[in-house]
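Peer 1: Data: final.cif, mmCIF, C-alpha atoms.
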data_start
loop_
_atom_site.label_atom_id
_atom_site.label_comp_id
_atom_site.auth_asym_id
_atom_site.auth_seq_id
_atom_site.Cartn_x
_atom_site.Cartn_y
_atom_site.Cartn_z
CA MET R 255 65.63 -58.03 44.62
CA LEU R 256 65.00 -59.57 48.02
CA GLN R 257 61.70 -58.57 49.53
CA PRO R 258 61.98 -56.52 52.71
CA ALA R 259 60.21 -57.62 55.90
CA ILE R 260 57.50 -55.02 55.47
CA ARG R 261 55.80 -53.77 52.35
CA CYS R 262 55.11 -50.19 51.19
CA VAL R 263 51.45 -50.50 52.13
CA GLU R 264 52.52 -51.18 55.73
CA PHE R 265 55.30 -48.63 55.66
CA VAL R 266 52.92 -45.73 55.00
CA GLU R 267 50.81 -46.76 58.00
CA SER R 268 53.75 -46.91 60.43
CA VAL R 269 55.77 -43.96 59.18
CA THR R 270 54.54 -41.50 61.83
CA ASP R 271 55.22 -43.96 64.65
CA TRP R 272 58.72 -44.27 63.19
CA MET R 273 59.23 -40.50 62.89
CA GLU R 274 57.97 -40.09 66.44
CA GLY R 275 60.37 -42.70 67.78
CA ALA R 276 57.49 -44.82 69.02
CA LEU R 277 58.49 -48.17 67.52
CA VAL R 278 60.23 -51.00 69.34
CA ASP R 279 63.68 -51.85 67.96
CA GLU R 280 62.54 -54.74 65.82
CA GLU R 281 59.84 -52.70 64.08
CA ARG R 282 62.12 -49.71 63.71
CA LEU R 283 64.80 -51.80 62.05
CA ALA R 284 62.26 -53.33 59.68
CA LEU R 285 61.08 -49.87 58.63
CA GLU R 286 64.60 -48.56 58.21
CA GLU R 287 65.58 -51.61 56.20
CA HIS R 288 62.61 -51.00 53.93
CA LEU R 289 63.46 -47.32 53.58
CA ALA R 290 67.06 -48.14 52.68
CA ILE R 291 66.01 -50.05 49.58
CA CYS R 292 62.74 -48.35 48.57
CA PRO R 293 63.13 -45.05 46.69
CA HIS R 294 59.36 -44.58 46.54
CA CYS R 295 58.88 -44.71 50.29
CA THR R 296 61.92 -42.45 50.62
CA GLU R 297 60.11 -39.98 48.37
CA TYR R 298 56.99 -40.43 50.49
CA VAL R 299 58.93 -39.50 53.63
CA ASP R 300 60.49 -36.52 51.84
CA GLN R 301 57.02 -35.29 50.93
CA LEU R 302 55.83 -35.67 54.52
CA MET R 303 58.78 -33.57 55.67
CA LEU R 304 58.20 -31.01 52.94
CA ALA R 305 54.51 -30.79 53.84
CA ARG R 306 55.51 -30.09 57.43
CA ALA R 307 57.89 -27.35 56.30
CA VAL R 308 55.22 -25.77 54.07
CA LEU R 309 52.73 -25.86 56.92
CA ARG R 310 55.20 -24.31 59.29
CA ALA R 311 56.11 -21.60 56.76
CA ALA R 312 52.42 -20.88 56.16
CA GLY R 313 51.87 -20.70 59.94
CA GLY R 314 50.90 -17.05 60.19
CA GLN R 315 48.61 -17.26 57.16
CA LEU R 316 46.72 -20.38 58.16
CA PRO R 317 43.04 -19.79 58.56
CA GLN R 318 42.35 -19.40 62.22
CA GLU R 319 39.85 -17.64 64.31
CA SER R 320 40.61 -14.15 65.37
CA PRO R 321 39.11 -12.74 68.54
CA PRO R 322 35.62 -11.26 68.21
CA PRO R 323 36.09 -7.45 68.16
CA ARG R 324 34.22 -6.99 71.42
CA ALA R 325 36.31 -9.59 73.24
CA ARG R 326 39.45 -7.96 71.90
CA ALA R 327 38.33 -4.51 73.04
CA THR R 328 37.37 -5.80 76.50
CA LEU R 329 40.78 -7.41 76.92
CA LEU R 330 42.68 -4.33 75.80
CA GLU R 331 40.62 -2.19 78.13
CA ALA R 332 41.36 -4.55 81.01
CA PHE R 333 45.04 -4.47 80.14
CA ARG R 334 45.17 -0.67 80.11
CA ARG R 335 43.25 -0.49 83.38
CA GLU R 336 45.39 -3.08 85.19
CA ARG R 337 48.77 -2.25 83.77
CA GLY R 338 48.13 1.48 83.68
CA SER R 339 49.15 2.99 80.39
CA MET L 3 59.10 -13.12 67.36
CA ASP L 4 59.89 -13.97 63.71
CA ARG L 5 58.87 -11.84 60.76
CA ASP L 6 55.89 -14.07 60.13
CA GLY L 7 54.78 -13.82 63.72
CA THR L 8 55.72 -17.30 64.85
CA ILE L 9 57.56 -17.83 68.06
CA SER L 10 59.96 -20.68 67.49
CA SER L 11 60.77 -22.89 70.44
CA GLU L 12 64.50 -22.40 69.91
CA ALA L 13 64.39 -18.62 70.01
CA GLY L 14 61.74 -18.67 72.72
CA ALA L 15 63.65 -17.59 75.81
CA SER L 16 65.09 -14.25 74.72
CA ASP L 17 61.93 -13.30 72.81
CA ASP L 18 59.96 -14.14 75.92
CA ASP L 19 62.10 -11.86 78.06
CA ALA L 20 61.43 -8.86 75.83
CA LEU L 21 57.72 -9.64 75.62
CA VAL L 22 57.34 -10.16 79.36
CA LEU L 23 59.13 -6.89 80.08
CA ALA L 24 56.89 -5.07 77.61
CA LEU L 25 53.75 -6.58 79.17
CA ARG L 26 54.88 -5.67 82.68
CA ALA L 27 55.66 -2.15 81.51
CA GLY L 28 52.06 -1.84 80.29
CA ASP L 29 52.83 -1.90 76.56
CA ALA L 30 49.36 -2.43 75.09
CA ARG L 31 50.78 -3.25 71.67
CA ALA L 32 52.68 -6.18 73.12
CA PHE L 33 49.45 -7.45 74.64
CA GLU L 34 47.59 -6.96 71.35
CA MET L 35 50.29 -8.97 69.61
CA LEU L 36 49.89 -11.72 72.17
CA ILE L 37 46.13 -11.83 71.61
CA ASP L 38 46.42 -11.91 67.84
CA ARG L 39 49.14 -14.50 67.96
CA TYR L 40 47.50 -16.97 70.33
CA TYR L 41 43.75 -16.40 70.37
CA GLY L 42 42.98 -18.90 67.60
CA THR L 43 45.24 -21.63 68.93
CA MET L 44 43.94 -21.16 72.46
CA LEU L 45 40.39 -21.42 71.19
CA ARG L 46 41.20 -24.72 69.49
CA VAL L 47 42.75 -26.10 72.67
CA ALA L 48 39.88 -24.89 74.86
CA ARG L 49 37.35 -26.52 72.53
CA MET L 50 38.87 -29.89 73.29
CA HIS L 51 37.76 -29.57 76.90
CA VAL L 52 34.40 -27.80 76.84
CA SER L 53 31.22 -28.47 74.95
CA THR L 54 30.46 -25.19 73.17
CA THR L 55 32.35 -22.51 71.27
CA GLU L 56 30.90 -19.87 73.61
CA ALA L 57 32.33 -21.69 76.62
CA ALA L 58 35.70 -21.96 74.86
CA GLU L 59 35.65 -18.21 74.10
CA ASP L 60 34.94 -17.49 77.77
CA VAL L 61 37.85 -19.67 78.81
CA VAL L 62 40.24 -17.90 76.43
CA GLN L 63 39.00 -14.52 77.66
CA GLU L 64 39.58 -15.58 81.29
CA THR L 65 43.03 -16.83 80.36
CA PHE L 66 44.11 -13.50 78.91
CA LEU L 67 42.72 -11.75 81.99
CA GLY L 68 44.76 -14.21 84.05
CA VAL L 69 47.85 -13.28 82.03
CA ILE L 70 47.26 -9.57 82.72
CA GLN L 71 46.95 -10.23 86.43
CA GLY L 72 49.65 -12.87 86.71
CA ILE L 73 52.44 -11.59 84.47
CA ASP L 74 54.30 -10.15 87.46
CA ARG L 75 54.40 -13.62 89.00
CA PHE L 76 55.67 -15.29 85.81
CA GLU L 77 59.12 -16.56 86.72
CA GLY L 78 60.33 -17.73 83.34
CA ARG L 79 60.83 -21.32 84.45
CA SER L 80 58.82 -22.39 81.42
CA SER L 81 58.23 -20.46 78.21
CA LEU L 82 55.57 -17.77 78.28
CA ARG L 83 53.53 -19.86 75.87
CA THR L 84 53.67 -22.94 78.10
CA TRP L 85 52.70 -20.84 81.08
CA MET L 86 49.71 -19.32 79.25
CA PHE L 87 48.57 -22.67 77.94
CA ARG L 88 48.75 -24.10 81.43
CA ILE L 89 46.44 -21.36 82.68
CA LEU L 90 44.16 -22.04 79.72
CA VAL L 91 43.96 -25.79 80.24
CA ASN L 92 43.37 -25.48 83.99
CA ARG L 93 40.47 -23.15 83.35
CA ALA L 94 39.13 -25.19 80.47
CA LYS L 95 39.19 -28.40 82.50
CA THR L 96 37.45 -26.74 85.43
CA ARG L 97 34.81 -25.39 83.09
CA GLY L 98 34.42 -28.74 81.38
CA GLU L 99 33.99 -30.54 84.68
CA ARG L 100 31.42 -27.99 85.80
CA GLU L 101 29.53 -28.64 82.57
CA GLY L 102 29.53 -32.30 83.49
CA ARG L 103 31.13 -33.37 80.25
CA SER L 104 34.80 -32.85 79.97
CA ARG L 105 35.01 -33.57 76.27
CA PRO L 106 32.98 -34.78 73.31
CA PHE L 107 34.58 -38.22 73.15
CA SER L 108 32.50 -39.27 70.20
CA SER L 109 34.26 -36.73 67.98
CA LEU L 110 37.66 -38.00 69.09
CA GLU L 111 36.65 -41.55 68.21
CA ALA L 112 35.51 -40.42 64.76
CA ASP L 113 38.61 -38.30 64.15
CA LEU L 114 40.93 -41.25 64.82
CA GLU L 115 39.46 -42.71 61.61
CA THR L 116 40.28 -46.22 62.75
CA GLY L 117 40.66 -48.69 59.91
CA GLN L 118 40.96 -46.11 57.15
CA PRO L 119 43.98 -46.54 54.87
CA SER L 120 46.54 -43.72 54.81
CA VAL L 121 47.05 -44.00 51.07
CA ASP L 122 44.51 -45.00 48.41
CA PRO L 123 44.83 -48.83 48.21
CA ASP L 124 44.66 -48.58 44.40
CA ARG L 125 48.14 -47.12 44.42
CA PHE L 126 49.64 -50.42 45.54
CA GLU L 127 50.01 -53.62 43.54
CA PRO L 128 46.89 -55.69 44.25
CA ASP L 129 48.41 -59.14 43.84
CA GLY L 130 51.36 -61.14 42.66
CA ARG L 131 54.83 -61.16 44.10
CA TRP L 132 54.84 -57.39 44.63
CA ALA L 133 51.41 -57.13 46.19
CA GLY L 134 51.44 -54.24 48.67
CA PHE L 135 54.33 -52.44 46.98
CA TRP L 136 53.80 -49.16 45.15
CA ALA L 137 52.12 -49.42 41.74
CA ALA L 138 51.68 -45.63 41.45
CA PRO L 139 54.43 -44.23 43.68
CA PRO L 140 54.79 -40.57 44.61
CA ALA L 141 56.67 -38.85 41.79
CA ALA L 142 60.17 -37.66 42.61
CA THR L 143 60.19 -33.96 43.41
CA HIS L 144 62.72 -31.89 41.58
CA LEU L 145 61.53 -28.53 42.79
CA PRO L 146 63.91 -26.99 45.28
CA GLU L 147 62.34 -26.81 48.72
CA ALA L 148 62.68 -23.04 48.78
CA ARG L 149 60.56 -22.73 45.63
CA VAL L 150 57.85 -24.94 47.04
CA LEU L 151 57.83 -22.93 50.26
CA ALA L 152 57.63 -19.65 48.39
CA ALA L 153 55.01 -20.77 45.89
CA GLU L 154 51.28 -21.15 46.21
CA ALA L 155 51.79 -24.57 47.80
CA GLY L 156 51.04 -22.73 51.03
CA ASP L 157 47.50 -21.92 49.86
CA ARG L 158 46.81 -25.52 48.93
CA VAL L 159 48.20 -26.80 52.18
CA ALA L 160 46.17 -24.22 54.09
CA ALA L 161 43.01 -25.45 52.35
CA ALA L 162 43.84 -29.07 53.24
CA PHE L 163 44.51 -27.98 56.80
CA GLU L 164 41.15 -26.21 56.98
CA SER L 165 39.27 -29.34 55.88
CA LEU L 166 40.80 -31.56 58.59
CA PRO L 167 38.54 -32.79 61.40
CA ASP L 168 38.83 -30.58 64.51
CA THR L 169 41.03 -32.76 66.69
CA GLN L 170 43.41 -33.57 63.81
CA ARG L 171 43.72 -29.88 63.00
CA THR L 172 44.39 -29.00 66.62
CA VAL L 173 47.10 -31.64 66.96
CA ILE L 174 48.90 -30.75 63.72
CA VAL L 175 48.82 -27.02 64.47
CA LEU L 176 50.33 -27.55 67.91
CA ARG L 177 52.95 -30.00 66.70
CA ASP L 178 53.96 -28.76 63.26
CA VAL L 179 53.13 -25.07 63.33
CA GLU L 180 53.68 -24.18 66.99
CA GLY L 181 56.44 -26.76 67.40
CA LEU L 182 55.21 -28.23 70.69
CA SER L 183 56.46 -31.66 71.76
CA ALA L 184 54.27 -34.76 71.70
CA LEU L 185 54.15 -34.80 75.49
CA GLU L 186 53.12 -31.16 75.71
CA VAL L 187 50.30 -31.79 73.25
CA CYS L 188 49.09 -34.88 75.13
CA ASP L 189 49.10 -32.83 78.29
CA LEU L 190 47.28 -29.83 76.81
CA LEU L 191 44.63 -31.83 75.04
CA GLY L 192 44.25 -34.69 77.48
CA LEU L 193 45.17 -37.27 74.84
CA SER L 194 46.99 -40.56 75.24
CA GLU L 195 50.33 -40.72 73.41
CA GLY L 196 48.90 -43.30 71.05
CA ASN L 197 45.86 -41.22 70.13
CA GLN L 198 47.98 -38.11 69.70
CA ARG L 199 50.14 -40.00 67.21
CA VAL L 200 47.18 -41.37 65.30
CA LEU L 201 45.66 -37.89 64.96
CA LEU L 202 49.02 -36.46 63.87
CA HIS L 203 49.45 -39.29 61.38
CA ARG L 204 46.00 -38.74 59.86
CA ALA L 205 46.55 -35.00 59.58
CA ARG L 206 50.07 -35.18 58.13
CA THR L 207 49.02 -37.88 55.69
CA LYS L 208 46.27 -35.66 54.27
CA VAL L 209 48.45 -32.58 54.07
CA ARG L 210 51.09 -34.63 52.24
CA ALA L 211 48.50 -35.91 49.76
CA THR L 212 47.52 -32.33 48.94
CA LEU L 213 51.14 -31.33 48.51
CA GLU L 214 51.72 -34.32 46.23
CA GLN L 215 48.79 -33.23 44.08
CA TYR L 216 50.28 -29.75 43.89
CA LEU L 217 53.72 -31.12 42.92
CA ASP L 218 52.17 -33.40 40.27
CA ASP L 219 50.28 -30.45 38.74
CA ARG L 220 53.52 -28.53 38.51
CA VAL L 221 55.21 -31.39 36.67
CA GLU L 222 52.36 -31.59 34.17
CA VAL L 223 52.42 -27.89 33.29
CA SER L 224 56.18 -27.54 33.11
#
Now that the file is in, can you turn its structure into structure tokens?
Peer 2:
Amino acid sequence: MLQPAIRCVEFVESVTDWMEGALVDEERLALEEHLAICPHCTEYVDQLMLARAVLRAAGGQLPQESPPPRARATLLEAFRRERGS
Amino acid sequence: MDRDGTISSEAGASDDDALVLALRAGDARAFEMLIDRYYGTMLRVARMHVSTTEAAEDVVQETFLGVIQGIDRFEGRSSLRTWMFRILVNRAKTRGEREGRSRPFSSLEADLETGQPSVDPDRFEPDGRWAGFWAAPPAATHLPEARVLAAEAGDRVAAAFESLPDTQRTVIVLRDVEGLSALEVCDLLGLSEGNQRVLLHRARTKVRATLEQYLDDRVEVS
């Protein structure tokens, strides 16, 4: 097998730049050439995509800060006062 | 709004219309939904511009008050979310400037994790003709995506997400959960495009590693 212009160890560092369309043509082609012949890096990309899908699906359940009860109450009170209902 | 409470960018416009009408009509439940949906994300964004959590909480509070007062003037030229975040960032920047420090730059520098490898170097061939190629590649996944999405992978990914450094977590939540564009995120957080990408790369790389571990465990038990 002919060795591609870039190696797996470089591919994993540049993969986000590639996914974000931030590479110049020459670099992009080198990455795509690598991807075309490397099943392991293809799997790596698939896992990155899957991780993104899992994160997106988990969106509502991700730990995040909810408003302190007093802040929430103040806001609702302000809303009722201003918008009158 | 979807069942899981996310507002997807694609479905944004018509959902926005209904929500804006409800807010203008004084529907307190619509406003409550808005608070619960965006408070956490707004707090993350505000924290990027001010120096304390208390200041960030104030900014978010002022933003929601601004929404109450300004909803009649919202013209729908951007999404409701973009409009709210613009109010938020304007206020956060003003507050940050008043504090005399617009942002803890040192934490950004640390969170870029310059020079750290994305994947454990031991997983690549150390020398010989194939040096730098996978020695221990990611195992092929045979689980259908739907099963992974439905399974407890979400819990593991959530834990990985929680352990990310602040700026990485903020970037990945805005990009991959909220679905904002790179430019929107740069604008909201005051990041260069390059730094935004590095933070996204670091965050996605770690979340993938956790998912890989989960997938490997599943292979071993099955």
Peer 1: If you count all atoms listed in the file, which residues fall within 9 Å of stretch 313-328 of chain R, apart from same-chain ones fewer than 5 positions away, as JSON, numbers by chain?
Peer 2: {"R": [308, 333], "L": [6, 7, 8, 34, 37, 38, 39, 40, 41, 42, 43, 45, 46, 59, 63, 156, 157, 159, 160, 161, 163, 164, 175, 178, 179, 180]}
Peer 1: Expressed in Å to a single decimal, how great is the separation between atom CA of L:Gly78 and atom CA of L:Leu25?
Peer 2: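 Spanning atom CA of L:Gly78 to atom CA of L:Leu25 is a straight-line distance of 13.6 Å.
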Peer 1: Translate the PyMOL selection byres ((chain R and resi 265) around 10) into a concrete residue list for this structure, as a list in words.
Peer 2: Ile260, Arg261, Cys262, Val263, Glu264, Val266, Glu267, Ser268, Val269, Thr270, Trp272, Ala284, Leu285, Glu286, His288, Leu289, Cys295 and Tyr298 of chain R; Gly134 and Phe135 of chain L
Peer 1: Take the PyMOL selection byres ((chain L and resi 121) around 9), run it mentally on this structure, and tell me the resulting residues as a ChimeraX atom specification.
Peer 2: /R:263,266-267 /L:118-120,122-126,207-208,211
Peer 1: Report the distance between atom CA of L:Glu56 and atom CA of L:Glu115 in Å, rounded to one decimal place.
Peer 2: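 Computed distance, atom CA of L:Glu56 to atom CA of L:Glu115, equals 27.2 Å.
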Peer 1: Could you tell me which residues the PyMOL selection byres ((chain L and resi 54) around 12) returns for this structure, as a list of chain:residue names?
Peer 2: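 In the shown coordinates, the PyMOL selection byres ((chain L and resi 54) around 12) covers L:Leu45, L:Arg46, L:Ala48, L:Arg49, L:Met50, L:His51, L:Val52, L:Ser53, L:Thr55, L:Glu56, L:Ala57, L:Ala58, L:Glu59, L:Asp60, L:Val61, L:Ala94, L:Arg97, L:Gly98, L:Glu101, L:Arg103, L:Ser104, L:Arg105, L:Pro106.
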Peer 1: Please identify all polymer residues lying at most 12 Å from the point (48.4, -31.9, 75.3) (file coordinates), using all atoms listed in the file, and present the result as a PyMOL selection string.
Peer 2: chain L and resi 44+46-48+50-51+84+87-88+90-92+169+172-177+182-195+197-199
Peer 1: For the atom pair atom CA of R:Glu274 and atom CA of R:Thr296, what is the interatomic distance in Å to one decimal place?
Peer 2: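 Computing it gives 16.5 Å between the two atoms.
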Peer 1: Compare L:Leu21, L:Leu82, L:Ile73, L:Ala142 by their minimum atom-to-atom distance to chain R, counting all atoms listed in the file, and give me the closest one.
Peer 2: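 Comparing L:Leu21, L:Leu82, L:Ile73, L:Ala142 against chain R, the winner is L:Ala142.
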